[in-house]
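**Q** Let me begin by handing over the structure; questions about it come next.
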Amino acid sequence: MGIDRVRWGIVATGNISTSFTKDLAVLGGEAVVTAVASRSMDSATRFADEFGIEHRYDDYRRLIDDGHVDVLYIGTPHPQHYAIARAALQAKIAVLCEKPVTLTARQARDLVAVAAENGTLFAEAMWMRTNPVVQAFFADLAKGTIGEPMEALADFGFHKPQLPARLLDPALGGGALMDGGIYPMTFVHMALGQPAEVKAVGSLSSDGVDLNVAMAWRYDSGAVAALTCGLRSQNPWTASVSGQDGSLLLPSRFHNPPYYVRSTAAGEERVDVPTHGLGYHYEAAEVMRALRAGQIECPALPHAATIEILELLDETRRQIGVSYPGDDEYLGG
C-alpha cells in the first residue's frame, strides 16, 4: 500500500455516504475513492459518475474480492454493517463503519476479535469524537477547568413530519436510540466513563420501535447523568458537563458543534475552534494515520468505547423492551 495515497471503497450510496465521499476531497490527493458498491448497479454507476470512481459494483463482496481498496467505508442501514465489516476484515481490508457498527455488543466484540486476528484496522465512524470543537471541549474538561465532573446532560431529539422509513422499521434497527441516542451516550461516556447503574424508560410505536427514550446513569464517584433521545419533538439538542467550579456546554446540534461555552466564576466565555469541511474528513484522516502507523485501532475511535456503548444500548433496549431480528442469533463464521 502506498503511504502517500490511501484507496477508499464506499459501500452504499445514500446521504451519509455522499457526505463522507464529498468530504474526502478535503484531504486532497492523500485519499482517493477507487470503488463503490450499491444494491443496484444503477445507483453504483450514478454515484461513481458523480465522484469519478473507477470501479463500481452491485455486490460488496465483489468490491472486497477485487482488491482495489485499502479501506472500506460502510454506510448501509445498521443491520447490514456486521456481515460487510466482517468480510472486509477477513480479507485484510481496513474498515471504517458507520455507527452503530453493529446492533449488539456481542457482534462488536466479534468484529474487534476478527480485526485482531487479521491484524487489520477497524473503527466505528463516530465522527463526533474526531470533531475539533468536541476534542477541545474534552481537553478543557480534562484540565480541571470546572473541577470534578458531577453531572452530564445530553439530548438528541428531533421531529420531521415524514421520517425516513428505516427509522420506524424494527428490521432495520429503527428507532431513536440507534440513530440519535448513541450520541448522548457517547458524549456522557466520554465525560464520565462507564456508569455503575443505568435506568431507562421509553415510549414505543405499535411496531415496537423506540420513539422517545430517557435514561439516567449513576456513577460510583457520585456523578449522575440524564440522557434523552426521540423522534417526536424538536429538542434543544445540547450537551453539557458540570462540576463544582462551573460547566461546559456544547450548543444545539452538539454532535457537530461550531463552538462551546465555558461558564466559571470568571464568567461565560464562548470558545471558537476552527473547523472546515462537513466534518467527516476528520475521522477519515484518523483512520489514514492509524493505517499508515500499522495500527488496528484509531486512538480517537477506541474499540473499548464502541463495545461499552453497545453494551449500554443492549441494556437500555432490554429495559424498554426493544428487540431486533438477530438479537439472539449465534455469531459463527
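Simple scheme: letters A, B, ... for chains in C-alpha cells order, numbers from 1 for residues in each chain, numbers from 1 for ligands in the order shown.
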Sorted by chain and rising residue number, which residues of range 111-204 of chain A lie within 6 Å of range 273-293 of chain A, and what are their closest atom pairs and distances in Å to one decimal, counting only C-alpha atoms, as a tab-separated table?
**A**
```
residue	atom	partner	partner_atom	distance
A:Trp127	CA	A:Glu283	CA	5.6
A:Thr130	CA	A:Glu283	CA	5.6
A:Val133	CA	A:Val273	CA	5.5
```
**Q** Kindly save the residues from that selection, with N, CA, C and O atoms included, as a PDB file, in the first residue's frame.
**A**
```pdb
ATOM      1  N   TRP A 127     -18.144  10.191  14.165  1.00  0.00           N
ATOM      2  CA  TRP A 127     -17.431  11.404  13.734  1.00  0.00           C
ATOM      3  C   TRP A 127     -17.330  12.445  14.833  1.00  0.00           C
ATOM      4  O   TRP A 127     -16.382  13.239  14.858  1.00  0.00           O
ATOM      5  N   THR A 130     -14.026  12.893  16.644  1.00  0.00           N
ATOM      6  CA  THR A 130     -12.886  13.484  15.940  1.00  0.00           C
ATOM      7  C   THR A 130     -13.092  14.964  15.627  1.00  0.00           C
ATOM      8  O   THR A 130     -12.224  15.597  15.036  1.00  0.00           O
ATOM      9  N   VAL A 133     -13.905  20.831  17.787  1.00  0.00           N
ATOM     10  CA  VAL A 133     -14.584  21.534  18.891  1.00  0.00           C
ATOM     11  C   VAL A 133     -14.815  20.573  20.058  1.00  0.00           C
ATOM     12  O   VAL A 133     -14.560  20.906  21.224  1.00  0.00           O
TER      13      VAL A 133
END
```
**Q** Which residues are close to Pro100 in chain A, i.e. within 8 Å by only C-alpha atoms, leaving aside same-chain residues fewer than 6 positions away? Reply as a list in words.
**A**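 These residues fall inside the cut-off: His78, Glu124, Met178, Asp179, Ile182 and Leu310 of chain A.
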**Q** As a PyMOL selection string, please: the residues near Gly174 in chain A (cut-off 9 Å, only C-alpha atoms, same-chain neighbours under 5 positions excluded).
**A** chain A and resi 78+165-169+179+209-210+324
**Q** Skip range 197-207 of chain A itself and residues of its chain fewer than 2 positions away, then list as JSON, numbers by chain all residues within 9 Å of it, counting only C-alpha atoms.
**A** {"A": [168, 169, 170, 175, 194, 195, 209, 210, 211, 212, 213, 214, 215, 216, 217, 218, 219, 220, 312, 315, 316, 317, 319, 320, 321, 322]}
**Q** Rank A:Gly230, A:Gly294, A:Pro258, A:Pro161 by their smallest atom-to-atom distance to Ala136 in chain A, using only C-alpha atoms, and report the top residue only.
**A**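 Selected residue with least distance to Ala136 in chain A: A:Pro258.
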**Q** Skipping near chain neighbours, those fewer than 3 positions away, what residues fall within 9 Å of Arg253 in chain A using only C-alpha atoms, listed as an NGL selection string?
**A** :A and (156 or 236-239 or 250 or 256-258)
**Q** From the list A:Val36, A:Val11, A:Leu141, A:Leu63, which residue is nearest Gln80 in chain A when using only C-alpha atoms?
**A**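 Of all the options, A:Val11 lies closest to Gln80 in chain A.
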**Q** Can you list, as a ChimeraX atom specification, every protein, DNA or RNA residue that comes within 9 Å of Pro325 in chain A when you count only C-alpha atoms, leaving out same-chain residues fewer than 6 positions away?
**A** /A:79,170-173
**Q** In Å, with one decimal, what is the gap from CA of Met185 in chain A to CA of Val71 in chain A?
**A**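 So the answer is 27.1 Å.
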**Q** At a cut-off of 9 Å, using only C-alpha atoms, what residues contact range 103-111 of chain A? Leave out same-chain residues fewer than 5 positions from it and give the result as number ranges by chain.
**A** A: 78-79, 81-82, 85-86, 89, 116, 122, 173, 178, 303-304, 306-314, 324, 326-327, 331
**Q** So which one's closest to Asp245 in chain A, A:Gly208, A:Gly144, A:Gly222, A:Gly193? Using only C-alpha atoms, please.
**A** A:Gly144
**Q** Using backbone DSSP assignments, extract all alpha helix (DSSP H) residues from range 11-136 of chain A; output them as a VMD selection string.
**A** chain A and resid 15 to 24 41 to 51 60 to 66 81 to 90 105 to 118 132 to 136
**Q** What residues in range 12-173 of chain A get the DSSP label strand (DSSP E)? Please answer as a PyMOL selection string.
**A** chain A and resi 31-37+55-57+71-74+94-98+122-125+149-157
**Q** Selection from above, N, CA and C atoms, as a short mmCIF file (atom, residue, chain, number, x, y, z; two decimals), in the first residue's frame, can you write it?
**A**
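This went into result-v4.cif:
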```
data_model
loop_
_atom_site.label_atom_id
_atom_site.label_comp_id
_atom_site.auth_asym_id
_atom_site.auth_seq_id
_atom_site.Cartn_x
_atom_site.Cartn_y
_atom_site.Cartn_z
N ALA A 31 -6.27 10.92 -0.12
CA ALA A 31 -7.38 9.97 -0.12
C ALA A 31 -7.99 9.93 -1.52
N VAL A 32 -8.13 8.73 -2.06
CA VAL A 32 -8.76 8.59 -3.37
C VAL A 32 -9.80 7.47 -3.28
N VAL A 33 -11.00 7.74 -3.80
CA VAL A 33 -12.05 6.72 -3.81
C VAL A 33 -11.91 5.94 -5.12
N THR A 34 -11.62 4.64 -4.99
CA THR A 34 -11.35 3.82 -6.18
C THR A 34 -12.49 2.86 -6.50
N ALA A 35 -13.44 2.66 -5.54
CA ALA A 35 -14.51 1.70 -5.79
C ALA A 35 -15.75 2.06 -4.98
N VAL A 36 -16.91 1.67 -5.53
CA VAL A 36 -18.18 1.86 -4.83
C VAL A 36 -19.08 0.65 -5.09
N ALA A 37 -19.83 0.26 -4.07
CA ALA A 37 -20.81 -0.82 -4.22
C ALA A 37 -22.16 -0.35 -3.70
N HIS A 55 -14.14 1.91 -10.23
CA HIS A 55 -14.74 0.57 -10.11
C HIS A 55 -16.09 0.66 -9.42
N ARG A 56 -17.11 0.08 -10.03
CA ARG A 56 -18.45 0.12 -9.45
C ARG A 56 -19.07 -1.29 -9.47
N TYR A 57 -19.80 -1.60 -8.37
CA TYR A 57 -20.32 -2.96 -8.18
C TYR A 57 -21.74 -2.92 -7.64
N VAL A 71 -9.10 0.55 2.36
CA VAL A 71 -10.02 0.74 3.48
C VAL A 71 -11.44 0.88 2.95
N LEU A 72 -12.38 0.28 3.67
CA LEU A 72 -13.78 0.29 3.28
C LEU A 72 -14.57 1.19 4.22
N TYR A 73 -15.35 2.11 3.66
CA TYR A 73 -16.31 2.89 4.44
C TYR A 73 -17.69 2.27 4.22
N ILE A 74 -18.37 1.92 5.33
CA ILE A 74 -19.66 1.24 5.25
C ILE A 74 -20.76 2.19 5.72
N ALA A 94 -9.01 -2.70 5.73
CA ALA A 94 -9.39 -1.88 6.88
C ALA A 94 -10.84 -1.42 6.76
N VAL A 95 -11.48 -1.16 7.91
CA VAL A 95 -12.90 -0.82 7.92
C VAL A 95 -13.15 0.42 8.78
N LEU A 96 -13.88 1.37 8.20
CA LEU A 96 -14.50 2.47 8.95
C LEU A 96 -15.99 2.30 8.73
N CYS A 97 -16.70 1.88 9.78
CA CYS A 97 -18.11 1.53 9.65
C CYS A 97 -18.99 2.50 10.42
N GLU A 98 -20.06 2.95 9.78
CA GLU A 98 -20.97 3.90 10.42
C GLU A 98 -21.50 3.35 11.74
N PHE A 122 -9.81 -1.53 12.35
CA PHE A 122 -11.27 -1.47 12.44
C PHE A 122 -11.66 -0.28 13.29
N ALA A 123 -12.62 0.54 12.81
CA ALA A 123 -13.05 1.72 13.57
C ALA A 123 -14.51 2.00 13.32
N GLU A 124 -15.18 2.46 14.37
CA GLU A 124 -16.56 2.94 14.26
C GLU A 124 -16.53 4.41 13.84
N ALA A 125 -17.37 4.75 12.86
CA ALA A 125 -17.38 6.12 12.33
C ALA A 125 -18.21 7.04 13.23
N PRO A 149 -16.09 16.52 37.32
CA PRO A 149 -17.42 16.49 36.71
C PRO A 149 -18.39 15.66 37.54
N MET A 150 -19.54 16.25 37.86
CA MET A 150 -20.53 15.59 38.72
C MET A 150 -21.89 15.39 38.05
N GLU A 151 -22.11 16.10 36.92
CA GLU A 151 -23.38 15.94 36.23
C GLU A 151 -23.18 16.15 34.74
N ALA A 152 -23.80 15.29 33.95
CA ALA A 152 -23.79 15.47 32.50
C ALA A 152 -25.22 15.41 31.98
N LEU A 153 -25.52 16.26 31.03
CA LEU A 153 -26.84 16.30 30.39
C LEU A 153 -26.61 16.22 28.88
N ALA A 154 -27.39 15.41 28.18
CA ALA A 154 -27.24 15.34 26.73
C ALA A 154 -28.57 14.92 26.09
N ASP A 155 -28.90 15.59 24.99
CA ASP A 155 -30.21 15.40 24.36
C ASP A 155 -30.06 15.36 22.84
N PHE A 156 -30.73 14.41 22.20
CA PHE A 156 -30.69 14.34 20.74
C PHE A 156 -32.10 13.96 20.27
N GLY A 157 -32.97 14.96 20.17
CA GLY A 157 -34.34 14.71 19.75
C GLY A 157 -34.73 15.62 18.61
#
```
**Q** Of the candidates A:Ser43, A:Ser252, A:Gln90, A:Ser240, which one gets nearest to Met190 in chain A if we count only C-alpha atoms?
**A**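 Residue with the minimum atom-to-atom distance to Met190 in chain A: A:Ser240.
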**Q** Given the choices A:Val188, A:Val241, A:Ala115, A:Leu227, which gets closest to Gln295 in chain A if the distance is worked out from only C-alpha atoms?
**A** A:Ala115
